[in-house]
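A.B. asks: Input: one structure, supplied below.
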Amino acid sequence: MKLPIYLDNHATTPVDPRVFAAMTPYFTDLFGNAASRNHSFGWAAEDAVEKARKQIGDLIGATSKEIVFTSGATESNNLAIKGVAQMYAEKGNHIITQATEHKATLDTCKHLEKEGFKVTYLPVQTNGLIDLDQLRAAITDKTILISIMYANNEIGVVQPVAEIGKLAKSRGVLFHTDAVQAAGKIPVDVIKDGIDLLSLSAHKMYGPKGVGALYVRRRNPRVQLTAQIDGGGHERGMRSGTLNVPGIVGLGKACELAKAEMAEETKKLSYLRDKLKDRLLAELDECYINGTMEHRLPNNLNISFAYVEGESLLMGINDVAVSSGSACTSATLEPSYVLKALGAGDDLAHSSIRFGIGRFNTEEEVDYVAAKVIDVVKKLRELSPLYEMHKEGIDLTKFQWTVH
Amino acid sequence: MYSEKVIDHYNNPRNVGSMDKNDPNVGTGMVGAPECGDVMKLQVKVDPVTHVIEDAKFKTFGCGSAIASSSLATEWLRGKTVEEALEIKNTDIVTELSLPPVKIHCSVLAEDAIRAAITDYKKKAGL
């Protein structure tokens with residue numbers, strides 16, 4: 001077993017060697033521009049891009065023509081939301097999203113608010129899921145778009161996407177979903193789920209960074225977008241710019257592998273995840289799982305270790321790469337807005353760790369991480385005045401703190 | 001990201017523990033709040049005749065720098081009189097531990113904890 005152990009697969013994933021092998025010829029021998037229509041270099045590149053389009057479409061139940069290549073999911077979200085808002089501005093000016101979206105969606109919506117659009121940010125329930133009745137009630141005759149993520153990047157909860165799609169369709173509203181964490185991990189089908197626009201990214205599913213795609217429905221209804229990048233009119237005019245052929249080949253291959261291996265991989269990931277969860281819960285008291293376990297990605301575990309501060313926990317497990325909901329090291333001292341949206345107190349948000357298990361993790365690694373986390377949490381609780389007070393039966397929520 | 005001294009205090013915290021807060025010779029300071037991500041409890045046991053700090057203990061909920069700041073504070077407090085203890089400045093802690101700007105609040109909290117503990121002792125002792 002090699003240290004450090006990478007258990008932060010929601011942030012990014014390593015490129016699968018099979019993906020890398022598929023990409024390499026397109027850097028050197030097959031370097032053509034997919035838009036060059038009059039020689040074999042261009043044709044080879046175009047063939048590769050069209051193959052990738054099909055591989056991506058097959059993963060999500062779409063046709064090749066509905067795939068628009070982008071630089072990644074942030075751009076896909078920008079293109080989907082701004083593109084719809086601008087294209088359908090005459091129809092309405094209202095967008096519905098929710099509190100635990102990725103910043104790529106939230107900040108795009110905030111940008112549109114400055115341009116005069118109205119945005120509803122739905123709250124989530126304590127399990128991390130939106131309330132469909134609240135969504136139904138939020139739709140007005142001015143609503144043009146609902147943007148709700150498929151699976152959350154911090155807590156891994158899977159939203160009731162098919163129900164949202166059905167509701168959107170019944171009210172004539174377009175439905176965009178950020179499926180960055182879900183695509184390639186759990187079955188996603190744009191037809192069954194009633195999705196009109198879907199963002200995905202290669203580097204979250206063992207493909208390269210810097211490439212992603214936006215699915216744009218072509219029939220029933222035919223979705224139109226206002227381009228955000230002007231130029232040569234590539235990608236049916238929706239996204240200009242010379243295509244990143246090696247990256248696109250990698251994204252295509254990553255999608256093909258994910259589809260072929262999903263059933264088996266899900267079994268392995270959920271086994272490892274549950275083993276980690278069960279060991280932590282068996283040996284440590286006062287641990288809280290953030291978000292529902294029932295509707296959740298198979299590789300995600302997000303736990304708050306009460307009375308232990310997240311950053312100090314990360315420092316103790318410094319040979320394990322995970323992520324903390326506490327952002328004490330960054331410019332802001334704010335804990336995770338996702339955990340706060342669930343109604344977790346700030347103290348529990350500061351105490352959380354996100355584990356993201358991936359294709360290349362082994363059982364030995366997971367066992368090592370479990371033992372290490374248990375050891376460090378116990379040590380830090382020895383140090384924690386809050387744990388001591390809890391043991392003395394003091395209600396920390398009623399205690400008079402000197403907030404500084 | 002962390003200095004060697006911070007890592008050393010984190011791995012081998014000095015003087016971890018609690019003393020009886022009802023002891024008339026023990027001063028207790030508790031500063032910070034869980035929702036801010038750090039809480040420090042610092043206690044001093046003072047010789048009632050000489051006012052010299054005989055023992056100091058801490059418990060801290062917070063990042064590695066917060067743990068190190070309070071651990072260091074207990075080391076510095078031992079052997080000082082209560083008046084000398086009040087001269088410890090957060091900037092001394094910053095320098096000793098090479099804290100980066102984003103971690104200066106940890107040293108401020110440690111200074112606050114020292115003051116709170118000494119104040120509590122003085123109140124008990126009628127000083």
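Just remember, in the structure tokens the first chain shown is A, the second B, etc., residues are 1-based per chain, and ligands are 1-based in the order shown.
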Can you tell me which residues surround stretch 120-128 of chain A at a distance of at most 6 Å, considering only C-alpha atoms, apart from same-chain residues fewer than 4 positions away, and format the answer as a ChimeraX atom specification?

C.D. replies: /A:96-99,291-292,342

A.B. asks: Using C-alpha atoms, can you write the selected residues to a file as a PDB file, in the first residue's frame?

C.D. replies:
```pdb
ATOM      1  CA  ILE A  96     -35.593  28.018  -9.826  1.00  0.00           C
ATOM      2  CA  THR A  97     -32.554  26.372  -8.288  1.00  0.00           C
ATOM      3  CA  GLN A  98     -31.669  25.181  -4.787  1.00  0.00           C
ATOM      4  CA  ALA A  99     -29.383  26.068  -1.915  1.00  0.00           C
ATOM      5  CA  GLY A 291     -27.519  13.617   4.165  1.00  0.00           C
ATOM      6  CA  THR A 292     -29.712  10.597   3.563  1.00  0.00           C
ATOM      7  CA  LEU A 342     -29.199  20.879   5.877  1.00  0.00           C
TER       8      LEU A 342
END
```

A.B. asks: Contacts of B:Thr95 at 12 Å or less, counting only C-alpha atoms, minus same-chain residues fewer than 5 places along, as a ChimeraX atom specification?

C.D. replies: /B:3,5-6,69,72,89-90,100-101,103-104,107

A.B. asks: Select, as a list in words, those residues of chain A with any atom no more than 6 Å from chain B (distances computed using only C-alpha atoms).

C.D. replies: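 For chain A, the answer reads Glu309, Glu311, Ser312, Asp346, Asp347, His350, Leu383, Ser384, Pro385, Trp401, Thr402 and Val403 of chain A.
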
A.B. asks: List every residue of stretch 30-69 of chain B that DSSP, applied to the backbone of this structure, assigns to strand (DSSP E), and report them as a VMD selection string.

C.D. replies: chain B and resid 30 to 33 38 to 46 53 to 61

A.B. asks: I need the residues from that last selection saved to file as an mmCIF file, in the first residue's frame (with C-alpha atoms), if you can.

C.D. replies:
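Result saved to out_7.cif:
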```cif
data_model
loop_
_atom_site.group_PDB
_atom_site.id
_atom_site.type_symbol
_atom_site.label_atom_id
_atom_site.label_comp_id
_atom_site.auth_asym_id
_atom_site.auth_seq_id
_atom_site.Cartn_x
_atom_site.Cartn_y
_atom_site.Cartn_z
ATOM 1 C CA MET B 30 -12.991 29.512 28.385
ATOM 2 C CA VAL B 31 -13.035 31.522 25.175
ATOM 3 C CA GLY B 32 -14.344 31.078 21.643
ATOM 4 C CA ALA B 33 -17.450 29.339 20.411
ATOM 5 C CA ASP B 38 -12.502 27.133 18.015
ATOM 6 C CA VAL B 39 -12.951 26.930 21.784
ATOM 7 C CA MET B 40 -10.079 27.091 24.264
ATOM 8 C CA LYS B 41 -10.216 26.186 27.927
ATOM 9 C CA LEU B 42 -7.153 27.256 29.849
ATOM 10 C CA GLN B 43 -6.621 26.786 33.574
ATOM 11 C CA VAL B 44 -3.939 28.034 35.940
ATOM 12 C CA LYS B 45 -3.228 26.851 39.476
ATOM 13 C CA VAL B 46 -1.683 29.673 41.472
ATOM 14 C CA ILE B 53 1.518 29.888 38.513
ATOM 15 C CA GLU B 54 2.373 26.347 39.632
ATOM 16 C CA ASP B 55 0.481 24.503 36.960
ATOM 17 C CA ALA B 56 -1.362 25.238 33.732
ATOM 18 C CA LYS B 57 -3.639 22.960 31.723
ATOM 19 C CA PHE B 58 -5.562 23.332 28.498
ATOM 20 C CA LYS B 59 -8.116 21.696 26.260
ATOM 21 C CA THR B 60 -8.799 23.080 22.814
ATOM 22 C CA PHE B 61 -11.318 22.446 20.063
#
```

A.B. asks: Fewer than 2 positions away in the same chain doesn't count, so skip those; otherwise give me all residues within 8 Å of A:His94, counting only C-alpha atoms, as a ChimeraX atom specification.

C.D. replies: /A:92,96,117-120,140,142-145

A.B. asks: At a cut-off of 12 Å, using only C-alpha atoms, what residues contact A:Asn153? Leave out same-chain residues fewer than 5 positions from it and give the result as a PyMOL selection string.

C.D. replies: chain A and resi 8-12+100-104+128+158-159+178-182+204+291+296-297+299-302+323+325+336+338-339+354-356

A.B. asks: Deliver the residues from the most recent selection as a file, using N, CA and C atoms, as a CSV table (one decimal), in the first residue's frame.

C.D. replies:
```csv
chain,number,residue,atom,x,y,z
A,8,ASP,N,-10.5,11.5,-2.2
A,8,ASP,CA,-11.1,12.7,-2.5
A,8,ASP,C,-11.7,12.7,-3.9
A,9,ASN,N,-12.3,11.6,-4.3
A,9,ASN,CA,-12.7,11.4,-5.7
A,9,ASN,C,-13.9,12.2,-6.1
A,10,HIS,N,-14.5,13.0,-5.2
A,10,HIS,CA,-15.5,14.0,-5.7
A,10,HIS,C,-14.8,15.3,-6.2
A,11,ALA,N,-13.6,15.5,-5.8
A,11,ALA,CA,-12.9,16.7,-6.3
A,11,ALA,C,-12.4,16.4,-7.7
A,12,THR,N,-11.7,15.3,-7.8
A,12,THR,CA,-11.2,14.9,-9.1
A,12,THR,C,-10.8,13.5,-9.0
A,100,THR,N,-28.1,24.0,-2.2
A,100,THR,CA,-26.9,23.2,-2.1
A,100,THR,C,-26.2,22.9,-3.5
A,101,GLU,N,-26.6,23.7,-4.5
A,101,GLU,CA,-26.0,23.6,-5.8
A,101,GLU,C,-24.5,23.9,-5.7
A,102,HIS,N,-23.8,23.5,-6.7
A,102,HIS,CA,-22.3,23.9,-6.8
A,102,HIS,C,-22.3,25.4,-7.1
A,103,LYS,N,-21.2,26.0,-6.8
A,103,LYS,CA,-21.0,27.4,-7.0
A,103,LYS,C,-21.1,27.8,-8.5
A,104,ALA,N,-20.8,26.9,-9.4
A,104,ALA,CA,-20.9,27.1,-10.8
A,104,ALA,C,-22.4,27.5,-11.2
A,128,GLY,N,-31.1,16.5,2.9
A,128,GLY,CA,-30.4,17.0,1.8
A,128,GLY,C,-31.2,17.1,0.5
A,158,VAL,N,-28.8,12.1,-3.9
A,158,VAL,CA,-29.3,12.1,-5.2
A,158,VAL,C,-30.7,12.6,-5.2
A,159,GLN,N,-30.9,13.7,-5.9
A,159,GLN,CA,-32.2,14.4,-5.9
A,159,GLN,C,-33.3,13.6,-6.7
A,178,ASP,N,-27.1,19.5,-13.2
A,178,ASP,CA,-25.7,19.4,-13.1
A,178,ASP,C,-25.4,17.9,-12.6
A,179,ALA,N,-25.0,17.1,-13.6
A,179,ALA,CA,-24.8,15.7,-13.3
A,179,ALA,C,-23.4,15.3,-13.2
A,180,VAL,N,-22.6,16.3,-12.8
A,180,VAL,CA,-21.1,16.0,-12.7
A,180,VAL,C,-20.8,14.8,-11.8
A,181,GLN,N,-21.4,14.7,-10.6
A,181,GLN,CA,-21.1,13.7,-9.7
A,181,GLN,C,-21.9,12.4,-10.0
A,182,ALA,N,-23.0,12.5,-10.7
A,182,ALA,CA,-23.8,11.3,-11.0
A,182,ALA,C,-23.4,10.6,-12.3
A,204,LYS,N,-14.2,14.0,-13.4
A,204,LYS,CA,-14.8,13.3,-12.3
A,204,LYS,C,-15.1,11.9,-12.5
A,291,GLY,N,-26.8,14.0,5.3
A,291,GLY,CA,-27.5,13.6,4.2
A,291,GLY,C,-28.0,12.2,4.3
A,296,ARG,N,-28.3,8.0,-2.3
A,296,ARG,CA,-26.9,8.5,-2.2
A,296,ARG,C,-26.0,7.9,-3.2
A,297,LEU,N,-25.0,8.6,-3.7
A,297,LEU,CA,-24.0,8.0,-4.5
A,297,LEU,C,-23.3,6.8,-3.7
A,299,ASN,N,-20.3,6.0,-3.6
A,299,ASN,CA,-18.9,6.2,-3.2
A,299,ASN,C,-18.8,7.3,-2.1
A,300,ASN,N,-19.9,7.9,-1.7
A,300,ASN,CA,-19.8,9.1,-0.9
A,300,ASN,C,-20.1,8.8,0.6
A,301,LEU,N,-19.3,9.3,1.5
A,301,LEU,CA,-19.6,9.3,2.9
A,301,LEU,C,-19.2,10.7,3.4
A,302,ASN,N,-20.2,11.3,4.1
A,302,ASN,CA,-19.9,12.6,4.7
A,302,ASN,C,-20.3,12.5,6.2
A,323,SER,N,-11.5,15.7,2.2
A,323,SER,CA,-11.9,17.1,2.2
A,323,SER,C,-12.8,17.4,3.5
A,325,GLY,N,-15.5,19.9,5.5
A,325,GLY,CA,-16.5,21.0,5.4
A,325,GLY,C,-16.2,22.3,6.0
A,336,SER,N,-19.0,24.8,5.6
A,336,SER,CA,-19.7,24.4,4.4
A,336,SER,C,-21.1,25.0,4.3
A,338,VAL,N,-23.2,23.9,2.2
A,338,VAL,CA,-24.1,22.8,2.0
A,338,VAL,C,-24.6,22.2,3.3
A,339,LEU,N,-23.7,22.0,4.2
A,339,LEU,CA,-24.1,21.4,5.5
A,339,LEU,C,-24.9,22.3,6.3
A,354,ARG,N,-15.5,14.7,4.2
A,354,ARG,CA,-16.1,14.1,3.1
A,354,ARG,C,-15.1,13.0,2.6
A,355,PHE,N,-15.6,11.8,2.5
A,355,PHE,CA,-14.8,10.7,1.9
A,355,PHE,C,-15.4,10.4,0.5
A,356,GLY,N,-14.5,10.4,-0.5
A,356,GLY,CA,-15.0,10.0,-1.8
A,356,GLY,C,-14.1,8.9,-2.3
```

A.B. asks: In Å to one decimal, how far is atom CA of B:Glu111 from atom CA of B:Pro48?

C.D. replies: 22.6 Å

A.B. asks: Could you tell me which of B:Val82, B:Val52, B:Leu77, B:Ile93 comes closest to B:Ile118 if we count only C-alpha atoms?

C.D. replies: B:Val82

A.B. asks: Could you give me, as a ChimeraX atom specification, the residues within 9 Å of A:Leu276, counting only C-alpha atoms and dropping anything in the same chain fewer than 6 positions from it?

C.D. replies: /A:301,366-367,369-370

A.B. asks: Deliver the residues from the most recent selection as a file, using C-alpha atoms, as a JSON list (two decimals), in the first residue's frame.

C.D. replies:
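See result.json below for the written result:
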```json
[["chain", "number", "residue", "atom", "x", "y", "z"],
["A", 301, "LEU", "CA", -19.60, 9.32, 2.90],
["A", 366, "VAL", "CA", -10.07, 1.88, 3.35],
["A", 367, "ASP", "CA", -9.11, -0.22, 6.40],
["A", 369, "VAL", "CA", -8.15, 5.16, 6.72],
["A", 370, "ALA", "CA", -10.79, 3.85, 9.11]]
```

A.B. asks: Give me the residues near A:Tyr206 as an mmCIF file with C-alpha atoms, in the first residue's frame, where near means some atom within 7 Å (using only C-alpha atoms) and where sequence neighbours in that chain fewer than 4 positions away do not count.

C.D. replies:
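The result, written out as out02.cif:
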```cif
data_model
loop_
_atom_site.group_PDB
_atom_site.id
_atom_site.type_symbol
_atom_site.label_atom_id
_atom_site.label_comp_id
_atom_site.auth_asym_id
_atom_site.auth_seq_id
_atom_site.Cartn_x
_atom_site.Cartn_y
_atom_site.Cartn_z
ATOM 1 C CA THR A 13 -10.177 11.445 -10.225
ATOM 2 C CA PRO A 14 -7.006 10.073 -11.757
ATOM 3 C CA VAL A 15 -7.134 9.401 -15.489
ATOM 4 C CA ASP A 16 -7.780 5.706 -16.107
ATOM 5 C CA ALA A 202 -14.540 14.183 -17.765
ATOM 6 C CA ALA A 254 -14.273 7.428 -19.847
#
```

A.B. asks: For A:Ala306, list every protein, DNA or RNA residue within 6 Å, evaluated using only C-alpha atoms, and leave out those in the same chain fewer than 6 positions away; present the list as JSON, numbers by chain.

C.D. replies: {"A": [286, 348, 351]}

A.B. asks: Could you save the residues just selected, with N, CA and C atoms, as a PDB file, in the first residue's frame?

C.D. replies:
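Below you can see out_27.pdb, which holds the result:
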```
ATOM      1  N   GLU A 286     -21.042   9.752  18.921  1.00  0.00           N
ATOM      2  CA  GLU A 286     -21.298  11.122  18.494  1.00  0.00           C
ATOM      3  C   GLU A 286     -20.802  11.419  17.078  1.00  0.00           C
ATOM      4  N   LEU A 348     -21.225  21.400  13.949  1.00  0.00           N
ATOM      5  CA  LEU A 348     -21.140  20.115  13.249  1.00  0.00           C
ATOM      6  C   LEU A 348     -20.591  20.289  11.839  1.00  0.00           C
ATOM      7  N   SER A 351     -17.019  20.166  11.816  1.00  0.00           N
ATOM      8  CA  SER A 351     -16.473  18.876  12.248  1.00  0.00           C
ATOM      9  C   SER A 351     -16.597  17.800  11.188  1.00  0.00           C
TER      10      SER A 351
END
```

A.B. asks: Go through B:Ser71, B:Thr28, B:Cys106, B:Val49 and flag the residue nearest B:Lys124, using only C-alpha atoms for the distances.

C.D. replies: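 Among the listed residues, B:Thr28 lies closest to B:Lys124.
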
A.B. asks: So how many Å separate atom CA of A:Arg381 and atom CA of A:Ile289, to one decimal?

C.D. replies: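 Going from atom CA of A:Arg381 over to atom CA of A:Ile289 covers 18.2 Å.
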
A.B. asks: Any chance you could list, as a compact mmCIF listing (two decimals) with C-alpha atoms, in the first residue's frame, the residues in chain B that come up helix (DSSP H, G or I) when DSSP is run on the backbone?

C.D. replies:
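Final output, result-v4.txt:
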```txt
# COMPACT_ATOMS: atom_id res chain seq x y z
CA GLU B 4 7.53 22.49 12.61
CA LYS B 5 6.70 23.94 16.02
CA VAL B 6 2.97 23.84 15.33
CA ILE B 7 3.26 20.24 14.18
CA ASP B 8 5.27 19.36 17.29
CA HIS B 9 2.67 20.87 19.64
CA TYR B 10 -0.11 19.17 17.67
CA ASN B 11 1.58 15.77 17.85
CA PRO B 34 -18.13 26.05 18.64
CA GLU B 35 -19.77 27.76 15.67
CA CYS B 36 -16.62 29.81 15.12
CA GLY B 64 -3.72 22.70 14.68
CA SER B 65 -2.62 26.31 15.17
CA ALA B 66 -5.21 26.84 17.88
CA ILE B 67 -4.07 23.67 19.65
CA ALA B 68 -0.43 24.73 19.37
CA SER B 69 -1.14 28.29 20.59
CA SER B 70 -2.83 27.06 23.74
CA SER B 71 -0.29 24.30 24.33
CA LEU B 72 2.51 26.87 24.08
CA ALA B 73 0.63 29.23 26.39
CA THR B 74 0.54 26.61 29.15
CA GLU B 75 4.31 26.12 28.82
CA TRP B 76 4.93 29.84 29.11
CA LEU B 77 2.54 30.31 32.04
CA VAL B 82 -0.05 36.29 37.48
CA GLU B 83 1.13 39.82 36.62
CA GLU B 84 3.90 38.47 34.39
CA ALA B 85 1.38 36.16 32.73
CA ASN B 90 -0.50 37.21 21.00
CA THR B 91 2.29 38.52 18.80
CA ASP B 92 4.80 36.56 20.92
CA ILE B 93 2.85 33.40 20.09
CA VAL B 94 2.70 34.32 16.39
CA THR B 95 6.46 34.74 16.31
CA GLU B 96 7.27 31.62 18.29
CA LEU B 97 5.01 29.38 16.18
CA PRO B 101 -1.79 35.70 8.76
CA VAL B 102 -4.91 33.50 8.47
CA LYS B 103 -4.01 31.91 11.81
CA ILE B 104 -3.38 35.05 13.85
CA HIS B 105 -6.86 34.72 15.38
CA CYS B 106 -5.64 31.51 17.08
CA SER B 107 -2.99 33.48 18.94
CA VAL B 108 -5.50 36.18 19.86
CA LEU B 109 -7.75 33.51 21.29
CA ALA B 110 -4.86 32.12 23.36
CA GLU B 111 -4.13 35.57 24.78
CA ASP B 112 -7.82 35.98 25.58
CA ALA B 113 -7.79 32.59 27.32
CA ILE B 114 -4.80 33.58 29.47
CA ARG B 115 -6.51 36.83 30.48
CA ALA B 116 -9.78 35.07 31.23
CA ALA B 117 -8.06 32.48 33.43
CA ILE B 118 -6.04 35.08 35.35
CA THR B 119 -9.11 37.30 35.78
CA ASP B 120 -11.05 34.35 37.15
CA TYR B 121 -8.27 33.56 39.63
CA LYS B 122 -7.96 37.17 40.74
CA LYS B 123 -11.69 37.41 41.32
CA LYS B 124 -11.60 34.27 43.47
CA ALA B 125 -8.56 35.52 45.40
```

A.B. asks: What is the atom CA of A:Leu280-atom CA of A:Pro4 distance in Å, reported with one decimal?

C.D. replies: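 Value for the atom CA of A:Leu280-atom CA of A:Pro4 distance: 19.9 Å.
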